[in-house]
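Input: a single structure, listed below in structure tokens.
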Amino acid sequence: MASTPPPTVADLIARAERRFETATRQRDGLDQRRKAAIDGVAHALRPTSMDAAIPARSLLFLDLDGPEPLAAVVLGDPDTATHLTWQVSGAGIRPGTAMWGSAREAGELLLAQQAAGAERPAVIAWLGYPAPGLLRAIFNRAARTAVERLTHDIRRIGELLPEAVHTAIEAHSYGATLAAHALARLAAEPAPDGHRRQRIDTLATTGSAGIPARLLADPRTLGVPVDRRFEAVARRDLLARCGRLLSGRTAVAGLPFAVDGHPDSGLHAVTGHNTSRYVPGASHADYGYRDPGTLSLDNLARILIGGAPTWT
């Protein structure tokens, strides 16, 4: 009898895309939030919706069963990847309004990782939680509620990949708060029978809304080596600083990296809290943490593949 081949991420993608086809056929009978999520995913997956340099997108999951639609889109091939990055976004970023933008940002990161020397990177644009609005983001409840889904997804994908794959989390704004809760959960879990403990090799945060101090009291709590934790807050990112002040959370206790520009290299400075601000042809150029051409994206790409930032 022939043995059953081991499952792959491609199998998960194939199932997700079959379910998406079914959801698309049923779209007209759904409420507006679910229609918007289906439309957002469809736009993100459409081959002509982004610059041709950005790799094709695949659907990892679209969950329409809960109170809020949840989704994740993957760029690159995780099954053959040398580097895998989970990109976790912050307040207000949901599939119905931001799936295309999140997938584009993941694509720009993948291209920057290739330019930085990664052989076969893959990036997951993960919008798998009901991201809170700005007011609710000063509390930790949304992160504690969402931690089960993020840890489940990290475990599920990690178990399908070779142990040698360098795995990282890039988290922005409230996504950093969620990422810290997830890392603490993963680090505290015993390894399941017959499986290795899932690890995250690198954590990089931008515009972080802060991390509860109790998660930083012991360097081992997050499970990521202290010398592989990085953080940056732009000089003009007042929202991140206000968020930490109002929430009582603290910094990630990681190594700083520069995001405020490097004119000699032609790399632009981040000019606010958002991940994407640049509009071609605008009379005044603003830049977000994940915009191409920024020092922020250049440094993130190097950090997330296991290297060090060029400028700190």
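Identifiers in the structure tokens: chain A, B, ... in order shown; residue index from 1 per chain; ligand index from 1 in order shown.
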Worksheet item: Excluding same-chain residues fewer than 5 positions from Arg229 of chain A, what lies within 9 Å of it counting only C-alpha atoms, as an NGL selection string?
Response: :A and (201-205 or 224 or 252-256)
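Residues in contact with Asp31 of chain A at 12 Å, where only C-alpha atoms are counted and same-chain residues fewer than 3 positions away are skipped, are listed as A:Gln26, A:Arg27, A:Asp28, A:Arg34, A:Lys35, A:Ala36, A:Ala37, A:Ile38, A:Leu64, A:Asp65, A:Pro67, A:Glu68, A:Pro69, A:Gly96.
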Item to complete: Using only C-alpha atoms, determine which residues lie at most 12 Å from Pro7 of chain A, disregarding the query and same-chain residues fewer than 6 positions distant; provide the list as a list in words.
Response: Ile13, Ala14, Arg15, Asp79, Arg156, Ile157, Gly158, Glu159, Leu160 and Leu161 of chain A
Env of Ala106 of chain A: 9 Å cut, atoms = only C-alpha atoms, seq-sep filter 3 positions within chain, self excluded. Answer as a PDB file with N, CA and C atoms, in the first residue's frame.
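This went into part_18.pdb:
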ATOM      1  N   VAL A  73      -3.356  36.038   3.843  1.00  0.00           N
ATOM      2  CA  VAL A  73      -2.881  35.843   2.474  1.00  0.00           C
ATOM      3  C   VAL A  73      -1.380  35.625   2.526  1.00  0.00           C
ATOM      4  N   VAL A  74      -0.891  34.678   1.736  1.00  0.00           N
ATOM      5  CA  VAL A  74       0.536  34.352   1.752  1.00  0.00           C
ATOM      6  C   VAL A  74       1.166  34.698   0.411  1.00  0.00           C
ATOM      7  N   LEU A  75       2.375  35.218   0.472  1.00  0.00           N
ATOM      8  CA  LEU A  75       3.171  35.520  -0.714  1.00  0.00           C
ATOM      9  C   LEU A  75       4.444  34.688  -0.654  1.00  0.00           C
ATOM     10  N   THR A  85       8.015  34.991   7.305  1.00  0.00           N
ATOM     11  CA  THR A  85       7.669  36.120   8.171  1.00  0.00           C
ATOM     12  C   THR A  85       6.159  36.201   8.334  1.00  0.00           C
ATOM     13  N   GLN A  87       3.395  38.733   9.248  1.00  0.00           N
ATOM     14  CA  GLN A  87       3.227  40.179   9.321  1.00  0.00           C
ATOM     15  C   GLN A  87       1.881  40.467  10.005  1.00  0.00           C
ATOM     16  N   GLY A 101      -4.203  46.180   0.850  1.00  0.00           N
ATOM     17  CA  GLY A 101      -3.047  46.938   1.313  1.00  0.00           C
ATOM     18  C   GLY A 101      -2.096  46.101   2.140  1.00  0.00           C
ATOM     19  N   SER A 102      -2.632  45.225   2.989  1.00  0.00           N
ATOM     20  CA  SER A 102      -1.784  44.371   3.809  1.00  0.00           C
ATOM     21  C   SER A 102      -0.996  43.386   2.946  1.00  0.00           C
ATOM     22  N   ALA A 103      -1.662  42.812   1.927  1.00  0.00           N
ATOM     23  CA  ALA A 103      -0.969  41.884   1.034  1.00  0.00           C
ATOM     24  C   ALA A 103       0.100  42.607   0.217  1.00  0.00           C
ATOM     25  N   LEU A 109       7.717  43.705   1.385  1.00  0.00           N
ATOM     26  CA  LEU A 109       8.692  43.148   2.330  1.00  0.00           C
ATOM     27  C   LEU A 109       9.415  41.967   1.703  1.00  0.00           C
ATOM     28  N   LEU A 110       8.676  41.095   1.020  1.00  0.00           N
ATOM     29  CA  LEU A 110       9.307  39.943   0.381  1.00  0.00           C
ATOM     30  C   LEU A 110      10.360  40.391  -0.638  1.00  0.00           C
ATOM     31  N   LEU A 111      10.030  41.383  -1.450  1.00  0.00           N
ATOM     32  CA  LEU A 111      10.997  41.879  -2.435  1.00  0.00           C
ATOM     33  C   LEU A 111      12.228  42.462  -1.742  1.00  0.00           C
ATOM     34  N   ALA A 122       9.121  33.886   2.231  1.00  0.00           N
ATOM     35  CA  ALA A 122       7.663  33.875   2.140  1.00  0.00           C
ATOM     36  C   ALA A 122       7.135  34.763   3.261  1.00  0.00           C
ATOM     37  N   VAL A 123       6.060  35.478   2.995  1.00  0.00           N
ATOM     38  CA  VAL A 123       5.492  36.397   3.975  1.00  0.00           C
ATOM     39  C   VAL A 123       3.996  36.157   4.056  1.00  0.00           C
ATOM     40  N   ILE A 124       3.475  36.096   5.273  1.00  0.00           N
ATOM     41  CA  ILE A 124       2.039  35.913   5.502  1.00  0.00           C
ATOM     42  C   ILE A 124       1.460  37.223   6.023  1.00  0.00           C
ATOM     43  N   ALA A 125       0.534  37.800   5.269  1.00  0.00           N
ATOM     44  CA  ALA A 125      -0.215  38.974   5.719  1.00  0.00           C
ATOM     45  C   ALA A 125      -1.378  38.445   6.560  1.00  0.00           C
ATOM     46  N   ARG A 290       6.183  50.516   6.312  1.00  0.00           N
ATOM     47  CA  ARG A 290       6.367  49.437   5.345  1.00  0.00           C
ATOM     48  C   ARG A 290       6.439  49.933   3.903  1.00  0.00           C
TER      49      ARG A 290
END
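The spacing separating atom CA of Thr80 of chain A from atom CA of Glu170 of chain A amounts to 20.3 Å.
If you measure from each of A:Trp100, A:Trp86, A:Tyr129, A:Trp311 to Ser265 of chain A using only C-alpha atoms, the closest one turns out to be A:Trp311.
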Worksheet item: Out of segment 29-139 of chain A, which residues get strand (DSSP E) from DSSP, as a list in words?
Response: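 Listing strand (DSSP E) positions across segment 29-139 of chain A yields Arg57, Ser58, Leu59, Leu60, Phe61, Leu62, Asp63, Leu70, Ala71, Ala72, Val73, Val74, Leu75, His83, Leu84, Thr85, Trp86, Gln87, Val88, Pro121, Ala122, Val123, Ile124, Ala125, Trp126 and Leu127 of chain A.
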Item to complete: Go through segment 142-207 of chain A and collect every residue that DSSP, computed from the backbone, puts in alpha helix (DSSP H); the answer should be as number ranges by chain.
Response: A: 142-158, 174-188
Fill in: Atom-to-atom span, atom CA of Ile305 of chain A and atom CA of Ala209 of chain A, Å
23.7 Å
Practice prompt. Please identify all polymer residues within 10 Å of Ala42 of chain A, counting only C-alpha atoms, omitting same-chain residues fewer than 5 positions from it, and present them as an NGL selection string.
Written response: :A and (20-21 or 24 or 36-37 or 47 or 49 or 59 or 99-100)
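Between Gly243 of chain A and the residues A:Ile54, A:Leu267, A:Ala308, A:Ile138, the shortest atom-to-atom distance, using only C-alpha atoms, involves A:Ile138.
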Worksheet item: Can you list, as a list in words, every protein, DNA or RNA residue that comes within 9 Å of Asn140 of chain A when you count only C-alpha atoms, leaving out same-chain residues fewer than 2 positions away?
Response: Arg136, Ala137, Ile138, Ala142, Ala143, Arg144, Thr145, Thr177, Leu178, Pro212 and Ser247 of chain A
Worksheet entry | Residue neighbourhood segment 292-299 of chain A, 9 Å, only C-alpha atoms, exclusion window fewer than 5 positions, as a PyMOL selection string | chain A and resi 105+108-109+112-113+116+206+232+257-262+265-270+278+287+304+308-312
